[in-house]
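As stored in protein-v4.pdb (PDB, C-alpha atoms and all ligand atoms):
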```
ATOM      1  CA  MET C1181       0.000   0.000   0.000  1.00  0.00           C
ATOM      2  CA  LEU C1182       1.467   3.326  -1.043  1.00  0.00           C
ATOM      3  CA  THR C1183       0.981   6.117   1.496  1.00  0.00           C
ATOM      4  CA  GLU C1184       0.605   9.771   0.551  1.00  0.00           C
ATOM      5  CA  ASP C1185       4.240  10.244   1.623  1.00  0.00           C
ATOM      6  CA  ASP C1186       5.308   7.412  -0.695  1.00  0.00           C
ATOM      7  CA  LYS C1187       3.420   8.992  -3.592  1.00  0.00           C
ATOM      8  CA  ASN C1188       5.071  12.357  -2.988  1.00  0.00           C
ATOM      9  CA  HIS C1189       8.559  10.811  -2.856  1.00  0.00           C
ATOM     10  CA  ILE C1190       7.910   8.833  -6.036  1.00  0.00           C
ATOM     11  CA  ARG C1191       6.518  11.777  -7.988  1.00  0.00           C
ATOM     12  CA  ALA C1192       9.401  14.017  -6.914  1.00  0.00           C
ATOM     13  CA  ILE C1193      12.131  11.667  -8.070  1.00  0.00           C
ATOM     14  CA  TRP C1194      10.246  10.445 -11.120  1.00  0.00           C
ATOM     15  CA  ALA C1195      10.114  13.944 -12.589  1.00  0.00           C
ATOM     16  CA  HIS C1196      13.865  13.567 -13.149  1.00  0.00           C
ATOM     17  CA  VAL C1197      13.675   9.928 -14.309  1.00  0.00           C
ATOM     18  CA  SER C1198      10.882  10.528 -16.814  1.00  0.00           C
ATOM     19  CA  SER C1199      12.718  13.450 -18.375  1.00  0.00           C
ATOM     20  CA  ASN C1200      15.735  11.189 -19.055  1.00  0.00           C
ATOM     21  CA  PRO C1201      14.049   7.914 -20.026  1.00  0.00           C
ATOM     22  CA  GLU C1202      16.685   6.679 -22.433  1.00  0.00           C
ATOM     23  CA  LEU C1203      19.658   7.477 -20.193  1.00  0.00           C
ATOM     24  CA  ILE C1204      18.186   5.920 -17.047  1.00  0.00           C
ATOM     25  CA  GLY C1205      16.493   2.996 -18.803  1.00  0.00           C
ATOM     26  CA  ALA C1206      19.512   1.979 -20.865  1.00  0.00           C
ATOM     27  CA  GLU C1207      21.847   2.185 -17.872  1.00  0.00           C
ATOM     28  CA  ALA C1208      19.500   0.086 -15.737  1.00  0.00           C
ATOM     29  CA  LEU C1209      19.325  -2.563 -18.467  1.00  0.00           C
ATOM     30  CA  THR C1210      23.103  -2.507 -18.919  1.00  0.00           C
ATOM     31  CA  ARG C1211      23.532  -3.067 -15.179  1.00  0.00           C
ATOM     32  CA  LEU C1212      20.947  -5.866 -15.306  1.00  0.00           C
ATOM     33  CA  PHE C1213      22.697  -7.704 -18.143  1.00  0.00           C
ATOM     34  CA  ALA C1214      26.127  -7.282 -16.494  1.00  0.00           C
ATOM     35  CA  ALA C1215      25.128  -8.269 -12.951  1.00  0.00           C
ATOM     36  CA  HIS C1216      22.563 -10.967 -13.824  1.00  0.00           C
ATOM     37  CA  THR C1217      23.759 -12.476 -17.072  1.00  0.00           C
ATOM     38  CA  SER C1218      20.918 -14.997 -17.359  1.00  0.00           C
ATOM     39  CA  THR C1219      18.549 -12.090 -18.076  1.00  0.00           C
ATOM     40  CA  LYS C1220      20.284 -11.718 -21.440  1.00  0.00           C
ATOM     41  CA  THR C1221      18.649 -14.948 -22.623  1.00  0.00           C
ATOM     42  CA  TYR C1222      15.355 -13.085 -23.113  1.00  0.00           C
ATOM     43  CA  PHE C1223      16.976 -10.796 -25.674  1.00  0.00           C
ATOM     44  CA  PRO C1224      18.743 -13.084 -28.177  1.00  0.00           C
ATOM     45  CA  HIS C1225      17.586 -10.788 -30.975  1.00  0.00           C
ATOM     46  CA  PHE C1226      19.161  -7.662 -29.427  1.00  0.00           C
ATOM     47  CA  ASP C1227      22.614  -6.130 -29.620  1.00  0.00           C
ATOM     48  CA  LEU C1228      23.175  -5.954 -25.858  1.00  0.00           C
ATOM     49  CA  SER C1229      26.413  -3.994 -25.868  1.00  0.00           C
ATOM     50  CA  PRO C1230      26.202  -0.902 -23.639  1.00  0.00           C
ATOM     51  CA  GLY C1231      24.850   2.076 -25.558  1.00  0.00           C
ATOM     52  CA  SER C1232      23.479   0.047 -28.468  1.00  0.00           C
ATOM     53  CA  ALA C1233      20.472   1.514 -30.245  1.00  0.00           C
ATOM     54  CA  GLN C1234      18.325  -1.431 -29.126  1.00  0.00           C
ATOM     55  CA  VAL C1235      19.304  -1.122 -25.462  1.00  0.00           C
ATOM     56  CA  LYS C1236      18.559   2.608 -25.581  1.00  0.00           C
ATOM     57  CA  ALA C1237      15.196   2.139 -27.279  1.00  0.00           C
ATOM     58  CA  HIS C1238      14.186  -0.639 -24.925  1.00  0.00           C
ATOM     59  CA  GLY C1239      15.344   1.306 -21.866  1.00  0.00           C
ATOM     60  CA  ARG C1240      13.137   4.181 -22.956  1.00  0.00           C
ATOM     61  CA  LYS C1241      10.123   1.857 -23.357  1.00  0.00           C
ATOM     62  CA  VAL C1242      10.576   0.389 -19.877  1.00  0.00           C
ATOM     63  CA  ILE C1243      10.843   3.825 -18.228  1.00  0.00           C
ATOM     64  CA  GLU C1244       7.861   5.151 -20.179  1.00  0.00           C
ATOM     65  CA  ALA C1245       5.784   2.173 -19.039  1.00  0.00           C
ATOM     66  CA  ILE C1246       6.735   2.753 -15.401  1.00  0.00           C
ATOM     67  CA  THR C1247       5.904   6.433 -15.905  1.00  0.00           C
ATOM     68  CA  GLN C1248       2.366   5.337 -16.818  1.00  0.00           C
ATOM     69  CA  ALA C1249       2.229   3.548 -13.465  1.00  0.00           C
ATOM     70  CA  VAL C1250       3.616   6.616 -11.662  1.00  0.00           C
ATOM     71  CA  ASN C1251       0.928   8.741 -13.332  1.00  0.00           C
ATOM     72  CA  ASN C1252      -1.692   6.282 -12.024  1.00  0.00           C
ATOM     73  CA  LEU C1253      -0.433   5.362  -8.566  1.00  0.00           C
ATOM     74  CA  ASP C1254      -3.983   4.610  -7.410  1.00  0.00           C
ATOM     75  CA  ASP C1255      -4.573   2.164 -10.260  1.00  0.00           C
ATOM     76  CA  ILE C1256      -1.277   0.540 -11.250  1.00  0.00           C
ATOM     77  CA  PRO C1257      -3.001  -2.670 -12.458  1.00  0.00           C
ATOM     78  CA  GLY C1258      -5.187  -0.605 -14.796  1.00  0.00           C
ATOM     79  CA  ALA C1259      -2.166   1.271 -16.140  1.00  0.00           C
ATOM     80  CA  LEU C1260      -0.162  -1.892 -16.859  1.00  0.00           C
ATOM     81  CA  CYS C1261      -2.745  -4.514 -17.852  1.00  0.00           C
ATOM     82  CA  LYS C1262      -1.550  -4.780 -21.449  1.00  0.00           C
ATOM     83  CA  LEU C1263       2.066  -5.239 -20.342  1.00  0.00           C
ATOM     84  CA  ALA C1264       0.988  -7.954 -17.920  1.00  0.00           C
ATOM     85  CA  ASP C1265      -0.628  -9.869 -20.802  1.00  0.00           C
ATOM     86  CA  LEU C1266       2.476  -9.459 -22.957  1.00  0.00           C
ATOM     87  CA  HIS C1267       4.995 -10.599 -20.330  1.00  0.00           C
ATOM     88  CA  ALA C1268       2.880 -13.503 -19.120  1.00  0.00           C
ATOM     89  CA  GLU C1269       1.511 -14.891 -22.355  1.00  0.00           C
ATOM     90  CA  LYS C1270       4.021 -14.008 -25.004  1.00  0.00           C
ATOM     91  CA  LEU C1271       7.382 -13.283 -23.397  1.00  0.00           C
ATOM     92  CA  ARG C1272       7.086 -15.674 -20.420  1.00  0.00           C
ATOM     93  CA  VAL C1273       9.674 -13.824 -18.388  1.00  0.00           C
ATOM     94  CA  ASP C1274      10.394 -15.683 -15.132  1.00  0.00           C
ATOM     95  CA  PRO C1275       9.037 -13.578 -12.214  1.00  0.00           C
ATOM     96  CA  VAL C1276      12.398 -13.851 -10.372  1.00  0.00           C
ATOM     97  CA  ASN C1277      13.775 -11.330 -12.856  1.00  0.00           C
ATOM     98  CA  PHE C1278      11.529  -8.441 -11.855  1.00  0.00           C
ATOM     99  CA  PRO C1279      13.184  -7.685  -8.480  1.00  0.00           C
ATOM    100  CA  LEU C1280      16.566  -7.830 -10.250  1.00  0.00           C
ATOM    101  CA  LEU C1281      15.524  -5.143 -12.714  1.00  0.00           C
ATOM    102  CA  ALA C1282      13.939  -3.103  -9.918  1.00  0.00           C
ATOM    103  CA  HIS C1283      17.210  -3.167  -7.993  1.00  0.00           C
ATOM    104  CA  CYS C1284      19.286  -2.149 -11.024  1.00  0.00           C
ATOM    105  CA  LEU C1285      16.866   0.682 -11.640  1.00  0.00           C
ATOM    106  CA  LEU C1286      17.166   1.908  -8.060  1.00  0.00           C
ATOM    107  CA  VAL C1287      20.965   1.815  -8.257  1.00  0.00           C
ATOM    108  CA  THR C1288      20.797   3.805 -11.511  1.00  0.00           C
ATOM    109  CA  ILE C1289      18.419   6.379 -10.043  1.00  0.00           C
ATOM    110  CA  ALA C1290      20.671   6.747  -6.994  1.00  0.00           C
ATOM    111  CA  ALA C1291      23.763   7.118  -9.184  1.00  0.00           C
ATOM    112  CA  HIS C1292      22.109   9.991 -11.059  1.00  0.00           C
ATOM    113  CA  ASN C1293      20.612  11.667  -8.007  1.00  0.00           C
ATOM    114  CA  ARG C1294      22.560  14.727  -6.991  1.00  0.00           C
ATOM    115  CA  GLY C1295      23.578  13.433  -3.574  1.00  0.00           C
ATOM    116  CA  PRO C1296      22.533  10.263  -1.778  1.00  0.00           C
ATOM    117  CA  LEU C1297      19.027   8.900  -2.222  1.00  0.00           C
ATOM    118  CA  SER C1298      17.269   9.363   1.103  1.00  0.00           C
ATOM    119  CA  PRO C1299      16.134   6.150   2.827  1.00  0.00           C
ATOM    120  CA  ASP C1300      12.518   7.351   2.606  1.00  0.00           C
ATOM    121  CA  THR C1301      12.717   7.937  -1.136  1.00  0.00           C
ATOM    122  CA  TYR C1302      14.495   4.612  -1.629  1.00  0.00           C
ATOM    123  CA  ARG C1303      11.793   2.768   0.277  1.00  0.00           C
ATOM    124  CA  SER C1304       8.935   4.504  -1.549  1.00  0.00           C
ATOM    125  CA  VAL C1305      10.379   3.852  -5.024  1.00  0.00           C
ATOM    126  CA  ASP C1306      11.209   0.265  -4.028  1.00  0.00           C
ATOM    127  CA  LYS C1307       7.599  -0.260  -2.929  1.00  0.00           C
ATOM    128  CA  MET C1308       6.306   1.136  -6.225  1.00  0.00           C
ATOM    129  CA  LEU C1309       8.657  -0.990  -8.369  1.00  0.00           C
ATOM    130  CA  SER C1310       7.783  -4.077  -6.398  1.00  0.00           C
ATOM    131  CA  ARG C1311       4.098  -3.348  -6.991  1.00  0.00           C
ATOM    132  CA  VAL C1312       4.768  -2.838 -10.726  1.00  0.00           C
ATOM    133  CA  GLY C1313       6.561  -6.219 -10.877  1.00  0.00           C
ATOM    134  CA  LYS C1314       3.749  -7.988  -9.005  1.00  0.00           C
ATOM    135  CA  VAL C1315       1.146  -6.474 -11.322  1.00  0.00           C
ATOM    136  CA  ILE C1316       3.041  -7.588 -14.428  1.00  0.00           C
ATOM    137  CA  VAL C1317       3.371 -11.181 -13.169  1.00  0.00           C
ATOM    138  CA  ALA C1318      -0.130 -11.339 -11.664  1.00  0.00           C
ATOM    139  CA  GLN C1319      -1.520 -13.087 -14.726  1.00  0.00           C
ATOM    140  CA  TYR C1320       1.032 -15.891 -14.785  1.00  0.00           C
ATOM    141  CA  ARG C1321      -1.431 -18.448 -13.441  1.00  0.00           C
TER
HETATM  142 NI1  LIG C1401       9.800  -6.044 -20.340  1.00  0.00          NI
HETATM  143  C1  LIG C1401       9.137  -5.786 -23.706  1.00  0.00           C
HETATM  144  C2  LIG C1401       8.205  -3.019 -19.805  1.00  0.00           C
HETATM  145  C3  LIG C1401      10.465  -6.248 -16.966  1.00  0.00           C
HETATM  146  C4  LIG C1401      11.831  -8.745 -20.913  1.00  0.00           C
HETATM  147  N1  LIG C1401       8.854  -4.669 -21.529  1.00  0.00           N
HETATM  148  C5  LIG C1401       8.708  -4.740 -22.900  1.00  0.00           C
HETATM  149  C6  LIG C1401       8.039  -3.540 -23.366  1.00  0.00           C
HETATM  150  C7  LIG C1401       7.797  -2.767 -22.269  1.00  0.00           C
HETATM  151  C8  LIG C1401       8.303  -3.484 -21.109  1.00  0.00           C
HETATM  152  C9  LIG C1401       7.101  -1.412 -22.232  1.00  0.00           C
HETATM  153  C10 LIG C1401       7.694  -3.221 -24.809  1.00  0.00           C
HETATM  154  C11 LIG C1401       6.284  -3.650 -25.052  1.00  0.00           C
HETATM  155  C12 LIG C1401       5.844  -3.458 -26.484  1.00  0.00           C
HETATM  156  O1  LIG C1401       6.702  -3.398 -27.373  1.00  0.00           O
HETATM  157  O2  LIG C1401       4.637  -3.378 -26.685  1.00  0.00           O
HETATM  158  N2  LIG C1401       9.405  -4.870 -18.697  1.00  0.00           N
HETATM  159  C13 LIG C1401       8.697  -3.690 -18.682  1.00  0.00           C
HETATM  160  C14 LIG C1401       8.578  -3.217 -17.327  1.00  0.00           C
HETATM  161  C15 LIG C1401       9.210  -4.128 -16.534  1.00  0.00           C
HETATM  162  C16 LIG C1401       9.736  -5.171 -17.407  1.00  0.00           C
HETATM  163  C17 LIG C1401       7.856  -1.943 -16.928  1.00  0.00           C
HETATM  164  C18 LIG C1401       9.406  -4.130 -15.051  1.00  0.00           C
HETATM  165  C19 LIG C1401       9.519  -3.044 -14.327  1.00  0.00           C
HETATM  166  N3  LIG C1401      10.903  -7.290 -19.145  1.00  0.00           N
HETATM  167  C20 LIG C1401      11.086  -7.189 -17.807  1.00  0.00           C
HETATM  168  C21 LIG C1401      12.039  -8.186 -17.346  1.00  0.00           C
HETATM  169  C22 LIG C1401      12.436  -8.885 -18.456  1.00  0.00           C
HETATM  170  C23 LIG C1401      11.713  -8.311 -19.599  1.00  0.00           C
HETATM  171  C24 LIG C1401      12.458  -8.364 -15.890  1.00  0.00           C
HETATM  172  C25 LIG C1401      13.414 -10.008 -18.580  1.00  0.00           C
HETATM  173  C26 LIG C1401      14.534 -10.094 -17.897  1.00  0.00           C
HETATM  174  N4  LIG C1401      10.361  -7.095 -21.994  1.00  0.00           N
HETATM  175  C27 LIG C1401      11.210  -8.175 -22.002  1.00  0.00           C
HETATM  176  C28 LIG C1401      11.377  -8.628 -23.370  1.00  0.00           C
HETATM  177  C29 LIG C1401      10.613  -7.771 -24.191  1.00  0.00           C
HETATM  178  C30 LIG C1401       9.982  -6.821 -23.289  1.00  0.00           C
HETATM  179  C31 LIG C1401      12.216  -9.832 -23.830  1.00  0.00           C
HETATM  180  C32 LIG C1401      10.455  -7.807 -25.713  1.00  0.00           C
HETATM  181  C33 LIG C1401      11.588  -7.012 -26.317  1.00  0.00           C
HETATM  182  C34 LIG C1401      11.474  -6.884 -27.827  1.00  0.00           C
HETATM  183  O3  LIG C1401      11.322  -5.740 -28.310  1.00  0.00           O
HETATM  184  O4  LIG C1401      11.543  -7.896 -28.505  1.00  0.00           O
END
```
Rewrite the coordinates I just gave you, this time as structure tokens.
Amino acid sequence: MLTEDDKNHIRAIWAHVSSNPELIGAEALTRLFAAHTSTKTYFPHFDLSPGSAQVKAHGRKVIEAITQAVNNLDDIPGALCKLADLHAEKLRVDPVNFPLLAHCLLVTIAAHNRGPLSPDTYRSVDKMLSRVGKVIVAQYR
């Protein structure tokens, strides 16, 4: 459950993230592929080298999708229902991968924050990303 404080923390930091979707998204993916190499198996058709056009384009798509969730914090399932169908029925991404991406995204956001990410902001964004992951895998069974 996201509190009003959580929502305020998320919206404040997301203003920066959503204005740099390609930069943040591509770096998060690059960290994901480097730290958790098995995640690369879902992208055999991509050039996964850091900075590739495909990594940039995909990073942008992921951030823009999460931005939809951030713009609808009271109805995240409604905002992401199409993505849930896609990941469950077509892509069949193992749910264990979602917390890995969430963590890489948090590290990326922290690295680009001017100064340390406050514990409160970290917790609020972590809660939101965990909710996003749960919503996307909710239709797996
Ligand atoms: Ni994900 C496609 C969003 C987690 C593997 N993914 C997308 C698209 C969006 C998206 C948006 C593009 C949809 C379209 O083209 O219509 N993915 C998200 C979000 C999360 C997420 C918001 C979690 C926060 N995806 C993951 C994870 C993996 C993953 C954890 C695997 C490790 N996604 C994919 C793959 C595709 C994909 C594979 C298809 C890529 C392509 O273009 O072929």
Resolved residues for the PyMOL selection byres (((not hetatm)) within 9 of (chain C and resi 1401)) as number ranges by chain: C: 1209, 1212-1213, 1218-1226, 1234, 1237-1247, 1249, 1260, 1262-1264, 1266-1267, 1270-1282, 1285, 1309-1310, 1312-1313, 1316
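Each of C:Glu1202, C:Glu1207, C:Asp1185, C:Asp1254 was checked against Ala1291 of chain C using all atoms listed in the file; the smallest atom-to-atom distance is that of C:Glu1207.
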Would you write out, as a PDB file with C-alpha atoms, keeping the file's coordinate frame, every residue that the PyMOL selection byres (((chain C and resi 1193-1198) around 9) and not hetatm) captures in this file?
```pdb
ATOM      1  CA  ASN C1188       5.071  12.357  -2.988  1.00  0.00           C
ATOM      2  CA  HIS C1189       8.559  10.811  -2.856  1.00  0.00           C
ATOM      3  CA  ILE C1190       7.910   8.833  -6.036  1.00  0.00           C
ATOM      4  CA  ARG C1191       6.518  11.777  -7.988  1.00  0.00           C
ATOM      5  CA  ALA C1192       9.401  14.017  -6.914  1.00  0.00           C
ATOM      6  CA  SER C1199      12.718  13.450 -18.375  1.00  0.00           C
ATOM      7  CA  ASN C1200      15.735  11.189 -19.055  1.00  0.00           C
ATOM      8  CA  PRO C1201      14.049   7.914 -20.026  1.00  0.00           C
ATOM      9  CA  GLU C1202      16.685   6.679 -22.433  1.00  0.00           C
ATOM     10  CA  LEU C1203      19.658   7.477 -20.193  1.00  0.00           C
ATOM     11  CA  ILE C1204      18.186   5.920 -17.047  1.00  0.00           C
ATOM     12  CA  GLY C1205      16.493   2.996 -18.803  1.00  0.00           C
ATOM     13  CA  ILE C1243      10.843   3.825 -18.228  1.00  0.00           C
ATOM     14  CA  GLU C1244       7.861   5.151 -20.179  1.00  0.00           C
ATOM     15  CA  ILE C1246       6.735   2.753 -15.401  1.00  0.00           C
ATOM     16  CA  THR C1247       5.904   6.433 -15.905  1.00  0.00           C
ATOM     17  CA  VAL C1250       3.616   6.616 -11.662  1.00  0.00           C
ATOM     18  CA  ILE C1289      18.419   6.379 -10.043  1.00  0.00           C
ATOM     19  CA  ASN C1293      20.612  11.667  -8.007  1.00  0.00           C
ATOM     20  CA  THR C1301      12.717   7.937  -1.136  1.00  0.00           C
ATOM     21  CA  VAL C1305      10.379   3.852  -5.024  1.00  0.00           C
TER      22      VAL C1305
END
```
Atom CA of Leu1182 of chain C to atom CA of Tyr1302 of chain C, distance in Å rounded to a single decimal: 13.1 Å
Coordinates of box centre and edge lengths for segment 1233-1247 of chain C, 4 Å on every side, axis-aligned, as JSON:
```
{"center_x": 13.1, "center_y": 2.5, "center_z": -22.8, "size_x": 22.7, "size_y": 15.9, "size_z": 22.8}
```
Nearest-residue call for Ala1259 of chain C, choices C:Leu1297, C:Ala1233, C:Ala1215, C:Val1315, using only C-alpha atoms: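 So, comparing all the options, the nearest one is C:Val1315.
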Among the residues C:Ala1208, C:Leu1228, C:Ala1318, C:Ala1214, the one that comes closest to Glu1269 of chain C [using all atoms listed in the file]: C:Ala1318
Point-to-point distance in Å for atom CA of Lys1187 of chain C and atom CA of Lys1307 of chain C: 10.2 Å
Best match for closeness to Glu1184 of chain C among C:Gly1258, C:Ser1304, C:Lys1314, C:Arg1211, counting all atoms listed in the file: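 Once distances to Glu1184 of chain C are computed over all atoms listed in the file, the minimum belongs to C:Ser1304.
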Atomic distance atom CA of Met1181 of chain C - atom CA of Pro1296 of chain C, expressed in Å with one decimal: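 Computing the Euclidean distance for atom CA of Met1181 of chain C and atom CA of Pro1296 of chain C yields 24.8 Å.
Nearest to Cys1261 of chain C of all the residues C:Thr1183, C:Gln1319, C:His1283, C:Pro1230 is C:Gln1319, based on all atoms listed in the file.
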Shortest interatomic distance to Val1287 of chain C - which of C:Gln1248, C:Asp1306, C:Tyr1320, C:Ser1229, counting all atoms listed in the file: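 Looking at the shortest contact to Val1287 of chain C, the residue is C:Asp1306.
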